[in-house]
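**Student:** Input file: work.txt. Contents: compact mmCIF, C-alpha atoms and all ligand atoms.
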# COMPACT_ATOMS: atom_id res chain seq x y z
CA MET A 483 12.92 11.63 1.55
CA LYS A 484 16.48 11.23 0.53
CA SER A 485 17.02 7.51 1.04
CA ILE A 486 15.22 4.25 0.42
CA HIS A 487 15.49 3.72 4.17
CA ASP A 488 13.34 6.77 4.95
CA TYR A 489 9.97 6.07 6.49
CA ALA A 490 6.63 7.56 7.39
CA VAL A 491 5.86 7.60 11.12
CA LEU A 492 2.36 6.25 11.76
CA HIS A 493 0.25 7.85 14.48
CA ASN A 494 1.26 5.13 16.97
CA GLY A 495 4.97 5.78 16.30
CA VAL A 496 5.55 2.73 14.07
CA LYS A 497 7.90 3.43 11.15
CA MET A 498 6.61 2.43 7.72
CA PRO A 499 8.96 2.67 4.70
CA TRP A 500 7.84 5.18 2.05
CA LEU A 501 8.56 2.61 -0.65
CA GLY A 502 7.44 -1.01 -0.70
CA LEU A 503 7.10 -3.84 -3.17
CA GLY A 504 3.55 -4.70 -4.31
CA VAL A 505 3.03 -8.38 -5.06
CA TYR A 506 -0.50 -8.62 -6.46
CA LYS A 507 -0.43 -11.23 -9.26
CA SER A 508 3.14 -12.28 -8.44
CA GLN A 509 3.09 -16.06 -8.68
CA GLU A 510 3.76 -18.14 -5.58
CA GLY A 511 7.09 -19.97 -5.98
CA LYS A 512 10.23 -18.81 -7.77
CA GLU A 513 8.61 -15.73 -9.32
CA ILE A 514 7.71 -14.04 -6.05
CA GLU A 515 10.73 -15.36 -4.16
CA ASN A 516 13.11 -13.94 -6.77
CA ALA A 517 11.22 -10.63 -6.89
CA ILE A 518 11.53 -10.25 -3.12
CA ASP A 519 15.22 -11.22 -3.21
CA HIS A 520 15.86 -8.50 -5.81
CA ALA A 521 13.82 -5.98 -3.85
CA LEU A 522 15.62 -6.63 -0.56
CA GLU A 523 18.95 -6.44 -2.37
CA ALA A 524 17.88 -3.12 -3.93
CA GLY A 525 17.10 -1.78 -0.45
CA TYR A 526 13.32 -2.22 -0.21
CA ARG A 527 12.23 -3.04 3.33
CA SER A 528 8.46 -3.31 2.85
CA ILE A 529 6.26 -5.89 1.10
CA ASP A 530 2.54 -5.58 0.45
CA THR A 531 0.59 -8.83 0.14
CA ALA A 532 -2.96 -10.02 0.95
CA SER A 533 -4.65 -13.35 1.58
CA PHE A 534 -6.50 -12.72 -1.71
CA TYR A 535 -3.20 -12.75 -3.65
CA LYS A 536 -2.56 -16.40 -2.69
CA ASN A 537 1.15 -15.79 -2.31
CA GLU A 538 1.67 -15.21 1.40
CA GLY A 539 3.60 -18.52 1.54
CA GLY A 540 6.06 -17.21 -1.05
CA VAL A 541 6.48 -13.93 0.83
CA GLY A 542 7.18 -15.84 4.04
CA LYS A 543 9.70 -18.12 2.38
CA ALA A 544 11.59 -15.23 0.78
CA VAL A 545 11.72 -13.31 4.06
CA LYS A 546 12.87 -16.39 5.97
CA ASN A 547 15.63 -17.16 3.46
CA SER A 548 16.86 -13.58 3.33
CA THR A 549 19.94 -12.34 5.17
CA VAL A 550 17.98 -9.20 6.08
CA PRO A 551 16.70 -9.61 9.65
CA ARG A 552 12.93 -10.06 9.97
CA GLU A 553 12.63 -7.00 12.26
CA GLU A 554 13.94 -4.79 9.46
CA ILE A 555 11.19 -5.84 7.04
CA PHE A 556 7.71 -4.32 7.14
CA ILE A 557 5.09 -6.88 6.08
CA THR A 558 1.54 -5.91 5.22
CA THR A 559 -1.30 -8.34 4.62
CA LYS A 560 -5.07 -7.94 4.45
CA VAL A 561 -8.29 -9.63 5.46
CA TRP A 562 -10.40 -10.55 2.43
CA ASN A 563 -14.07 -9.67 2.01
CA GLU A 564 -15.56 -13.08 2.73
CA ASP A 565 -13.58 -13.28 5.99
CA GLN A 566 -15.05 -10.10 7.45
CA GLY A 567 -16.72 -10.34 10.89
CA PHE A 568 -15.08 -10.70 14.32
CA GLU A 569 -14.43 -14.46 14.60
CA LYS A 570 -13.83 -14.99 10.88
CA THR A 571 -11.24 -12.23 10.82
CA LEU A 572 -9.35 -13.68 13.78
CA LYS A 573 -9.31 -17.04 12.00
CA ALA A 574 -8.23 -15.49 8.68
CA PHE A 575 -5.44 -13.65 10.48
CA GLU A 576 -4.12 -16.89 11.98
CA GLU A 577 -4.13 -18.48 8.51
CA SER A 578 -2.23 -15.54 7.04
CA ARG A 579 0.26 -15.57 9.89
CA LYS A 580 0.80 -19.30 9.46
CA LYS A 581 1.30 -19.02 5.70
CA LEU A 582 3.73 -16.14 6.20
CA GLY A 583 5.46 -18.14 8.95
CA LEU A 584 5.76 -15.04 11.12
CA ASN A 585 5.18 -14.36 14.80
CA TYR A 586 3.83 -10.91 14.12
CA ILE A 587 2.68 -8.87 11.13
CA ASP A 588 3.59 -5.23 10.74
CA LEU A 589 0.37 -3.95 9.21
CA TYR A 590 -2.99 -5.70 8.89
CA LEU A 591 -5.63 -4.05 6.70
CA ILE A 592 -9.33 -4.51 5.95
CA HIS A 593 -9.07 -5.04 2.17
CA TRP A 594 -12.43 -3.45 1.18
CA PRO A 595 -15.07 -1.74 3.32
CA GLY A 596 -18.06 -3.59 1.90
CA LYS A 597 -21.37 -2.59 3.40
CA ASP A 598 -22.00 -3.36 7.02
CA LYS A 599 -19.35 -5.63 8.54
CA TYR A 600 -16.30 -3.43 8.70
CA LYS A 601 -16.90 -2.25 12.27
CA GLU A 602 -17.16 -5.81 13.54
CA THR A 603 -14.04 -6.66 11.55
CA TRP A 604 -12.29 -3.65 13.03
CA ARG A 605 -12.91 -4.97 16.58
CA ALA A 606 -10.92 -8.07 15.58
CA LEU A 607 -8.08 -5.89 14.25
CA GLU A 608 -8.10 -3.91 17.50
CA LYS A 609 -7.84 -7.18 19.45
CA LEU A 610 -4.89 -8.31 17.31
CA TYR A 611 -3.25 -4.94 17.84
CA ASN A 612 -3.80 -5.01 21.60
CA ASP A 613 -2.48 -8.60 21.73
CA GLY A 614 0.73 -7.54 19.98
CA SER A 615 0.09 -9.80 16.96
CA VAL A 616 0.25 -6.77 14.66
CA ARG A 617 2.26 -3.57 15.03
CA ALA A 618 -0.25 -1.41 13.17
CA ILE A 619 -3.79 -1.74 11.80
CA GLY A 620 -5.51 0.03 8.97
CA VAL A 621 -7.99 -0.05 6.16
CA SER A 622 -7.99 -0.13 2.39
CA ASN A 623 -10.36 1.38 -0.14
CA PHE A 624 -12.15 3.40 2.54
CA GLN A 625 -13.91 6.58 1.42
CA ILE A 626 -14.32 9.58 3.73
CA HIS A 627 -17.75 8.42 4.93
CA HIS A 628 -16.41 4.95 5.83
CA LEU A 629 -13.55 6.51 7.79
CA LYS A 630 -15.84 8.96 9.60
CA ASP A 631 -18.17 6.16 10.56
CA LEU A 632 -15.32 3.98 11.82
CA ILE A 633 -13.42 6.73 13.61
CA SER A 634 -16.57 7.84 15.45
CA ASP A 635 -16.91 4.36 16.96
CA CYS A 636 -13.51 2.77 17.54
CA ASP A 637 -10.89 2.48 20.25
CA VAL A 638 -7.86 2.48 17.96
CA LYS A 639 -7.91 4.81 14.98
CA PRO A 640 -6.71 3.31 11.68
CA MET A 641 -3.07 4.10 11.04
CA VAL A 642 -3.18 3.66 7.25
CA ASN A 643 -5.66 3.86 4.37
CA GLN A 644 -4.40 2.10 1.23
CA VAL A 645 -6.32 3.31 -1.83
CA GLU A 646 -6.05 3.52 -5.59
CA TYR A 647 -3.94 6.63 -6.16
CA HIS A 648 -2.08 7.82 -9.25
CA PRO A 649 -1.93 10.93 -11.46
CA GLU A 650 -5.38 10.21 -12.94
CA LEU A 651 -6.95 9.62 -9.50
CA THR A 652 -5.45 12.05 -7.00
CA GLN A 653 -8.10 11.60 -4.25
CA LYS A 654 -7.62 15.19 -3.04
CA GLU A 655 -10.49 15.36 -0.53
CA LEU A 656 -9.79 11.90 0.85
CA HIS A 657 -6.11 12.74 1.23
CA ALA A 658 -6.91 15.97 3.10
CA TYR A 659 -9.27 14.12 5.42
CA CYS A 660 -6.68 11.42 6.11
CA LYS A 661 -4.07 14.07 6.91
CA GLN A 662 -6.47 15.78 9.28
CA GLU A 663 -7.08 12.46 11.08
CA SER A 664 -3.40 11.37 11.02
CA VAL A 665 -4.21 8.38 8.81
CA GLN A 666 -1.28 7.70 6.45
CA LEU A 667 -2.38 7.45 2.81
CA GLU A 668 -0.83 4.63 0.77
CA ALA A 669 -1.09 4.30 -3.03
CA TRP A 670 -2.10 1.12 -4.81
CA SER A 671 -1.64 0.87 -8.57
CA PRO A 672 0.67 3.90 -8.28
CA LEU A 673 1.87 3.28 -11.85
CA THR A 674 -1.67 2.80 -13.21
CA ARG A 675 -0.36 -0.65 -14.20
CA GLY A 676 1.73 1.07 -16.88
CA ASN A 677 -1.11 3.00 -18.50
CA ILE A 678 0.15 6.58 -18.28
CA PHE A 679 3.80 6.29 -19.20
CA THR A 680 3.15 7.98 -22.55
CA THR A 681 1.12 10.90 -21.20
CA PRO A 682 2.89 14.03 -22.59
CA THR A 683 3.33 15.76 -19.19
CA ILE A 684 4.93 12.64 -17.74
CA VAL A 685 7.20 12.19 -20.78
CA GLU A 686 8.19 15.88 -20.64
CA LEU A 687 9.12 15.61 -16.96
CA ALA A 688 10.98 12.33 -17.49
CA ASN A 689 13.13 14.12 -20.10
CA LYS A 690 13.57 17.18 -17.90
CA TYR A 691 14.81 15.21 -14.86
CA ASN A 692 16.54 12.49 -16.87
CA LYS A 693 14.43 9.86 -15.14
CA THR A 694 11.90 7.31 -16.38
CA ALA A 695 8.14 7.89 -16.38
CA ALA A 696 7.75 5.38 -13.53
CA GLN A 697 10.36 7.20 -11.44
CA ILE A 698 8.65 10.57 -11.99
CA ILE A 699 5.31 9.20 -10.82
CA LEU A 700 6.74 7.42 -7.78
CA ARG A 701 8.69 10.54 -6.77
CA TRP A 702 5.45 12.52 -7.06
CA ASP A 703 3.86 10.07 -4.57
CA LEU A 704 6.67 10.60 -2.07
CA GLN A 705 6.67 14.37 -2.35
CA ASN A 706 2.91 14.33 -1.81
CA GLY A 707 3.46 12.37 1.41
CA VAL A 708 1.95 9.15 0.09
CA VAL A 709 3.48 5.72 0.78
CA THR A 710 3.88 3.83 -2.49
CA ILE A 711 4.07 0.12 -3.40
CA PRO A 712 4.77 -0.37 -7.13
CA LYS A 713 4.61 -3.95 -8.30
CA SER A 714 7.13 -5.67 -10.52
CA VAL A 715 8.76 -9.10 -10.73
CA THR A 716 11.44 -7.88 -13.16
CA LYS A 717 14.82 -7.19 -11.58
CA SER A 718 15.63 -4.12 -13.68
CA ARG A 719 12.24 -2.54 -12.96
CA ILE A 720 12.44 -3.34 -9.24
CA TYR A 721 15.76 -1.43 -9.17
CA GLU A 722 14.42 1.34 -11.41
CA ASN A 723 11.40 1.89 -9.13
CA ALA A 724 13.71 2.24 -6.13
CA ASP A 725 15.98 4.79 -7.78
CA ILE A 726 13.84 7.77 -6.81
CA PHE A 727 15.71 9.25 -3.88
CA ASP A 728 18.35 11.29 -5.70
CA PHE A 729 16.19 13.99 -7.25
CA GLN A 730 13.40 16.36 -6.36
CA LEU A 731 10.45 17.54 -8.43
CA SER A 732 9.82 21.29 -8.27
CA LYS A 733 6.54 22.53 -6.77
CA GLU A 734 5.36 23.61 -10.24
CA ASP A 735 6.06 20.18 -11.68
CA ILE A 736 4.18 18.49 -8.85
CA LYS A 737 1.23 20.73 -9.70
CA LYS A 738 1.51 19.73 -13.38
CA ILE A 739 1.14 16.09 -12.40
CA ASP A 740 -1.69 16.91 -9.96
CA ALA A 741 -3.49 18.54 -12.90
CA LEU A 742 -3.66 15.19 -14.75
CA ASN A 743 -6.41 14.06 -12.38
CA LYS A 744 -9.49 12.67 -14.13
CA ASN A 745 -11.06 10.90 -11.14
CA LYS A 746 -10.50 7.80 -13.24
CA ARG A 747 -10.38 4.44 -11.52
CA LEU A 748 -8.78 1.24 -12.75
CA GLY A 749 -10.36 -0.78 -9.98
CA PRO A 750 -13.88 -0.88 -8.53
CA ASP A 751 -15.51 2.11 -6.85
CA PRO A 752 -15.55 1.17 -3.12
CA ASP A 753 -19.14 2.40 -2.83
CA GLU A 754 -20.29 0.06 -5.56
CA PHE A 755 -18.16 -2.93 -4.63
CA ILE A 756 -20.61 -4.35 -2.13
CA PHE A 757 -20.38 -7.93 -0.98
P1 LIG A 801 1.17 -0.89 -10.42
O1 LIG A 801 0.60 0.44 -10.74
O2 LIG A 801 2.19 -1.00 -9.36
O3 LIG A 801 1.69 -1.47 -11.79
C1 LIG A 801 2.35 -2.69 -11.87
C2 LIG A 801 2.67 -3.01 -13.31
O4 LIG A 801 3.34 -1.91 -13.93
C3 LIG A 801 3.64 -4.19 -13.42
O5 LIG A 801 2.94 -5.40 -13.50
C4 LIG A 801 4.41 -3.87 -14.68
O6 LIG A 801 3.67 -4.36 -15.77
C5 LIG A 801 4.40 -2.38 -14.74
N1 LIG A 801 5.67 -1.78 -14.23
C6 LIG A 801 6.16 -1.76 -12.96
N2 LIG A 801 7.30 -1.06 -12.91
C7 LIG A 801 7.56 -0.65 -14.16
C8 LIG A 801 8.59 0.12 -14.73
N3 LIG A 801 9.58 0.61 -14.00
N4 LIG A 801 8.53 0.36 -16.07
C9 LIG A 801 7.53 -0.11 -16.83
N5 LIG A 801 6.51 -0.84 -16.35
C10 LIG A 801 6.51 -1.09 -15.01
O7 LIG A 801 -0.10 -1.84 -10.12
P2 LIG A 801 -0.63 -2.84 -9.04
O8 LIG A 801 0.15 -4.09 -9.00
O9 LIG A 801 -2.08 -2.94 -9.28
O10 LIG A 801 -0.46 -2.05 -7.66
C11 LIG A 801 0.67 -2.16 -6.83
C12 LIG A 801 0.37 -2.96 -5.57
O11 LIG A 801 -0.70 -2.37 -4.84
C13 LIG A 801 -0.13 -4.38 -5.83
O12 LIG A 801 0.88 -5.25 -6.26
C14 LIG A 801 -0.73 -4.71 -4.50
O13 LIG A 801 0.29 -5.04 -3.57
C15 LIG A 801 -1.41 -3.40 -4.13
N6 LIG A 801 -2.84 -3.35 -4.52
C16 LIG A 801 -3.78 -3.22 -3.54
C17 LIG A 801 -5.13 -3.17 -3.86
C18 LIG A 801 -6.13 -3.00 -2.77
O14 LIG A 801 -7.34 -3.15 -3.03
N7 LIG A 801 -5.73 -2.73 -1.57
C19 LIG A 801 -5.55 -3.25 -5.19
C20 LIG A 801 -4.57 -3.38 -6.18
C21 LIG A 801 -3.23 -3.40 -5.84
What does this structure look like when you write it as C-alpha cells?

**Tutor:**
Amino acid sequence: MKSIHDYAVLHNGVKMPWLGLGVYKSQEGKEIENAIDHALEAGYRSIDTASFYKNEGGVGKAVKNSTVPREEIFITTKVWNEDQGFEKTLKAFEESRKKLGLNYIDLYLIHWPGKDKYKETWRALEKLYNDGSVRAIGVSNFQIHHLKDLISDCDVKPMVNQVEYHPELTQKELHAYCKQESVQLEAWSPLTRGNIFTTPTIVELANKYNKTAAQIILRWDLQNGVVTIPKSVTKSRIYENADIFDFQLSKEDIKKIDALNKNKRLGPDPDEFIF
C-alpha cells in the first residue's frame, strides 16, 4: 500500500480503496459537501454513508458537482434496522439511490445484524447485486456466528464486513474468520473518535516515525489488511488522514499496537443491540 489509489480486491473482483472518508454526523449541506470536496482533492476515492446518517443527499450533490468521474468514486451506503426484510430493503435501497442521485451504488451493507431478519434482508441485497444495482454487497457489525449462519444459507457470500475496529478492539478471531472466508474487513471508528491519541505507545510511535497519532493508527489498519474510513470535516485533518502512504511500520511496532487491545467497544455490542 504505497499510494492513496491502492485498493483491496473483493472476492468478486471489485476494487475497493483501502482508505475512505467516513461521514457519520457530517451535516447535510455545506459541511458534508466541503468535506467531500477536500477529500476528493486530497485523493480519497471512497465515501462511507448510510441512510441512518441522513446525509446521502449531500454525498450525492458533492459527487455530482465534482470533476472526478463518478466511476472513479466508490460509494457505500447501508440499510437501516427498521428497513430490514425483503420488500422493505428493496424500497429503502431505492430511496437511498434516489437521494444519492446515482444509477448504481458500489457497496450496499446491512447496517446491523439484529436478531432474525438479516437472511431475508440478504435476499434483497442478492437481488440488487444480480440486477446490477450494486457492484458489491456486504454486512456490518456481524459477529462470527452471524456470518456462519448467513454463509451457510446464501447464494452470494458477503464481500465486506464493516465493524468497530481500532487498537483497543482488534477483533482478532473475527478478522481471522473473515480472511478464511474472503470477506474483507473494514474498520469503523478507526480513530476511536479521538480517544487514544495520548496512549503512550501511540505517542512513542508517532515520535519515532515523525507522524501524528492518527496517521500511526490508520497505517496500522492498512498493514493489517483492513480497509479504513476515518471521519473528519476539517480540511487539515482530511489531508492528514490521507498522508499515510509514505512510511511503513515495522512488524514489532505493529505488534506493539496489537497489544493495546482491551476488547473495548465505543459502540453497542452487536449481540445485545437487538431490534
Ligand atoms: P473516527 O474514529 O473516524 O473518529 C472521527 C473523529 O475523530 C472526528 O470527528 C474528529 O473529532 C476526530 N479526528 C479525525 N481525524 C483526526 C485527526 N487527524 N486528528 C485529530 N482528531 C481527528 O469515528 P467515526 O466517525 O465513528 O467512524 C468513522 C466512520 O465509520 C463513520 O464516519 C461512519 O462512516 C462509519 N461508522 C460505521 C458504523 C457502523 O455501524 N457501520 C458505526 C460508526 C461509524

**Student:** Would you write out, as JSON lines, a table of all residues in chain A that have an atom no more than 9 Å from an atom of ligand LIG 801 (chain A), listing for each the closest atom pair and the distance in Å to one decimal, considering all atoms listed in the file and ordering rows by chain and rising residue number?

**Tutor:**
{"residue": "A:Gly502", "atom": "CA", "partner": "A:LIG801", "partner_atom": "O13", "distance": 8.7}
{"residue": "A:Leu503", "atom": "CA", "partner": "A:LIG801", "partner_atom": "O13", "distance": 6.9}
{"residue": "A:Gly504", "atom": "CA", "partner": "A:LIG801", "partner_atom": "O12", "distance": 3.4}
{"residue": "A:Val505", "atom": "CA", "partner": "A:LIG801", "partner_atom": "O12", "distance": 4.0}
{"residue": "A:Tyr506", "atom": "CA", "partner": "A:LIG801", "partner_atom": "O12", "distance": 3.6}
{"residue": "A:Lys507", "atom": "CA", "partner": "A:LIG801", "partner_atom": "O12", "distance": 6.8}
{"residue": "A:Ser508", "atom": "CA", "partner": "A:LIG801", "partner_atom": "O12", "distance": 7.7}
{"residue": "A:Ile529", "atom": "CA", "partner": "A:LIG801", "partner_atom": "O13", "distance": 7.6}
{"residue": "A:Asp530", "atom": "CA", "partner": "A:LIG801", "partner_atom": "O13", "distance": 4.6}
{"residue": "A:Thr531", "atom": "CA", "partner": "A:LIG801", "partner_atom": "O13", "distance": 5.3}
{"residue": "A:Ala532", "atom": "CA", "partner": "A:LIG801", "partner_atom": "O13", "distance": 7.5}
{"residue": "A:Tyr535", "atom": "CA", "partner": "A:LIG801", "partner_atom": "C14", "distance": 8.5}
{"residue": "A:Thr558", "atom": "CA", "partner": "A:LIG801", "partner_atom": "O13", "distance": 8.9}
{"residue": "A:Thr559", "atom": "CA", "partner": "A:LIG801", "partner_atom": "O13", "distance": 9.0}
{"residue": "A:Lys560", "atom": "CA", "partner": "A:LIG801", "partner_atom": "N7", "distance": 8.0}
{"residue": "A:Leu591", "atom": "CA", "partner": "A:LIG801", "partner_atom": "N7", "distance": 8.4}
{"residue": "A:Ile592", "atom": "CA", "partner": "A:LIG801", "partner_atom": "N7", "distance": 8.5}
{"residue": "A:His593", "atom": "CA", "partner": "A:LIG801", "partner_atom": "N7", "distance": 5.5}
{"residue": "A:Trp594", "atom": "CA", "partner": "A:LIG801", "partner_atom": "O14", "distance": 6.6}
{"residue": "A:Val621", "atom": "CA", "partner": "A:LIG801", "partner_atom": "N7", "distance": 8.5}
{"residue": "A:Ser622", "atom": "CA", "partner": "A:LIG801", "partner_atom": "N7", "distance": 5.2}
{"residue": "A:Asn623", "atom": "CA", "partner": "A:LIG801", "partner_atom": "O14", "distance": 6.2}
{"residue": "A:Asn643", "atom": "CA", "partner": "A:LIG801", "partner_atom": "N7", "distance": 8.9}
{"residue": "A:Gln644", "atom": "CA", "partner": "A:LIG801", "partner_atom": "N7", "distance": 5.7}
{"residue": "A:Val645", "atom": "CA", "partner": "A:LIG801", "partner_atom": "N7", "distance": 6.1}
{"residue": "A:Glu646", "atom": "CA", "partner": "A:LIG801", "partner_atom": "C19", "distance": 6.8}
{"residue": "A:Tyr647", "atom": "CA", "partner": "A:LIG801", "partner_atom": "O1", "distance": 8.9}
{"residue": "A:His648", "atom": "CA", "partner": "A:LIG801", "partner_atom": "O1", "distance": 8.0}
{"residue": "A:Glu668", "atom": "CA", "partner": "A:LIG801", "partner_atom": "O11", "distance": 9.0}
{"residue": "A:Ala669", "atom": "CA", "partner": "A:LIG801", "partner_atom": "O11", "distance": 6.9}
{"residue": "A:Trp670", "atom": "CA", "partner": "A:LIG801", "partner_atom": "O11", "distance": 3.8}
{"residue": "A:Ser671", "atom": "CA", "partner": "A:LIG801", "partner_atom": "O1", "distance": 3.1}
{"residue": "A:Pro672", "atom": "CA", "partner": "A:LIG801", "partner_atom": "O1", "distance": 4.2}
{"residue": "A:Leu673", "atom": "CA", "partner": "A:LIG801", "partner_atom": "O1", "distance": 3.3}
{"residue": "A:Thr674", "atom": "CA", "partner": "A:LIG801", "partner_atom": "O1", "distance": 4.1}
{"residue": "A:Arg675", "atom": "CA", "partner": "A:LIG801", "partner_atom": "O3", "distance": 3.3}
{"residue": "A:Gly676", "atom": "CA", "partner": "A:LIG801", "partner_atom": "O4", "distance": 4.5}
{"residue": "A:Asn677", "atom": "CA", "partner": "A:LIG801", "partner_atom": "O4", "distance": 8.0}
{"residue": "A:Phe679", "atom": "CA", "partner": "A:LIG801", "partner_atom": "C9", "distance": 7.8}
{"residue": "A:Thr694", "atom": "CA", "partner": "A:LIG801", "partner_atom": "N3", "distance": 7.5}
{"residue": "A:Ala695", "atom": "CA", "partner": "A:LIG801", "partner_atom": "N4", "distance": 7.5}
{"residue": "A:Ala696", "atom": "CA", "partner": "A:LIG801", "partner_atom": "N3", "distance": 5.1}
{"residue": "A:Gln697", "atom": "CA", "partner": "A:LIG801", "partner_atom": "N3", "distance": 7.1}
{"residue": "A:Thr710", "atom": "CA", "partner": "A:LIG801", "partner_atom": "O11", "distance": 8.1}
{"residue": "A:Ile711", "atom": "CA", "partner": "A:LIG801", "partner_atom": "C12", "distance": 5.3}
{"residue": "A:Pro712", "atom": "CA", "partner": "A:LIG801", "partner_atom": "O2", "distance": 3.5}
{"residue": "A:Lys713", "atom": "CA", "partner": "A:LIG801", "partner_atom": "O2", "distance": 4.0}
{"residue": "A:Ser714", "atom": "CA", "partner": "A:LIG801", "partner_atom": "C6", "distance": 4.7}
{"residue": "A:Val715", "atom": "CA", "partner": "A:LIG801", "partner_atom": "O5", "distance": 7.4}
{"residue": "A:Thr716", "atom": "CA", "partner": "A:LIG801", "partner_atom": "N2", "distance": 8.0}
{"residue": "A:Ser718", "atom": "CA", "partner": "A:LIG801", "partner_atom": "N3", "distance": 7.7}
{"residue": "A:Arg719", "atom": "CA", "partner": "A:LIG801", "partner_atom": "N3", "distance": 4.3}
{"residue": "A:Ile720", "atom": "CA", "partner": "A:LIG801", "partner_atom": "N2", "distance": 6.7}
{"residue": "A:Tyr721", "atom": "CA", "partner": "A:LIG801", "partner_atom": "N3", "distance": 8.1}
{"residue": "A:Glu722", "atom": "CA", "partner": "A:LIG801", "partner_atom": "N3", "distance": 5.5}
{"residue": "A:Asn723", "atom": "CA", "partner": "A:LIG801", "partner_atom": "N3", "distance": 5.4}
{"residue": "A:Leu748", "atom": "CA", "partner": "A:LIG801", "partner_atom": "O9", "distance": 8.6}
{"residue": "A:Gly749", "atom": "CA", "partner": "A:LIG801", "partner_atom": "C19", "distance": 7.2}
{"residue": "A:Pro750", "atom": "CA", "partner": "A:LIG801", "partner_atom": "O14", "distance": 8.8}

**Student:** Residues within 12 Å of Thr603 (chain A), please, as a ChimeraX atom specification. Count only C-alpha atoms; anything in the same chain fewer than 3 positions from it doesn't count.

**Tutor:** /A:560-575,590-600,606-610,619-621,632,636

**Student:** Based on the selection just made, write C-alpha atoms of those residues as a CSV table (one decimal), in the frame of the given file.

**Tutor:**
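part.csv written:
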chain,number,residue,atom,x,y,z
A,560,LYS,CA,-5.1,-7.9,4.4
A,561,VAL,CA,-8.3,-9.6,5.5
A,562,TRP,CA,-10.4,-10.6,2.4
A,563,ASN,CA,-14.1,-9.7,2.0
A,564,GLU,CA,-15.6,-13.1,2.7
A,565,ASP,CA,-13.6,-13.3,6.0
A,566,GLN,CA,-15.0,-10.1,7.4
A,567,GLY,CA,-16.7,-10.3,10.9
A,568,PHE,CA,-15.1,-10.7,14.3
A,569,GLU,CA,-14.4,-14.5,14.6
A,570,LYS,CA,-13.8,-15.0,10.9
A,571,THR,CA,-11.2,-12.2,10.8
A,572,LEU,CA,-9.4,-13.7,13.8
A,573,LYS,CA,-9.3,-17.0,12.0
A,574,ALA,CA,-8.2,-15.5,8.7
A,575,PHE,CA,-5.4,-13.6,10.5
A,590,TYR,CA,-3.0,-5.7,8.9
A,591,LEU,CA,-5.6,-4.0,6.7
A,592,ILE,CA,-9.3,-4.5,6.0
A,593,HIS,CA,-9.1,-5.0,2.2
A,594,TRP,CA,-12.4,-3.4,1.2
A,595,PRO,CA,-15.1,-1.7,3.3
A,596,GLY,CA,-18.1,-3.6,1.9
A,597,LYS,CA,-21.4,-2.6,3.4
A,598,ASP,CA,-22.0,-3.4,7.0
A,599,LYS,CA,-19.4,-5.6,8.5
A,600,TYR,CA,-16.3,-3.4,8.7
A,606,ALA,CA,-10.9,-8.1,15.6
A,607,LEU,CA,-8.1,-5.9,14.2
A,608,GLU,CA,-8.1,-3.9,17.5
A,609,LYS,CA,-7.8,-7.2,19.4
A,610,LEU,CA,-4.9,-8.3,17.3
A,619,ILE,CA,-3.8,-1.7,11.8
A,620,GLY,CA,-5.5,0.0,9.0
A,621,VAL,CA,-8.0,0.0,6.2
A,632,LEU,CA,-15.3,4.0,11.8
A,636,CYS,CA,-13.5,2.8,17.5

**Student:** Between CA of Arg527 (chain A) and CA of Ile587 (chain A), measure the distance and give it in Å to one decimal.

**Tutor:**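 Value for the CA of Arg527 (chain A)-CA of Ile587 (chain A) distance: 13.6 Å.
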
**Student:** So, with all atoms listed in the file as the atoms that count, which of A:Ala524, A:Ile633, A:Leu589, A:Leu651 lies closest to Asp740 (chain A)?

**Tutor:**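 For Asp740 (chain A), the nearest of the given residues is A:Leu651.
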
**Student:** Could you check which of A:Ala544, A:Ile726, A:Met483, A:Leu492 is closest to Gly511 (chain A), using all atoms listed in the file?

**Tutor:**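 Using all atoms listed in the file, Gly511 (chain A) sits closest to A:Ala544.
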
**Student:** Quick check, in Å to one decimal: how far apart do CA of Ile756 (chain A) and CA of Lys661 (chain A) lie?

**Tutor:** 26.4 Å

**Student:** Could you state the separation of CA of Ser615 (chain A) and CA of Tyr586 (chain A) in Å, given to one decimal place?

**Tutor:**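 Straight-line distance from CA of Ser615 (chain A) to CA of Tyr586 (chain A) works out to 4.8 Å.
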
**Student:** List the spatial neighbours of Ile698 (chain A) as a PyMOL selection string - criterion: any atom at most 9 Å away, only C-alpha atoms, same-chain residues fewer than 5 positions off excluded.

**Tutor:** chain A and resi 684+687-688+691+693+703+726+731

**Student:** Here is a test: counting all atoms listed in the file, which residue of A:Lys484, A:Arg701, A:Lys497, A:Arg579 is nearest to Val642 (chain A)?

**Tutor:**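 Comparing A:Lys484, A:Arg701, A:Lys497, A:Arg579 against Val642 (chain A), the winner is A:Lys497.
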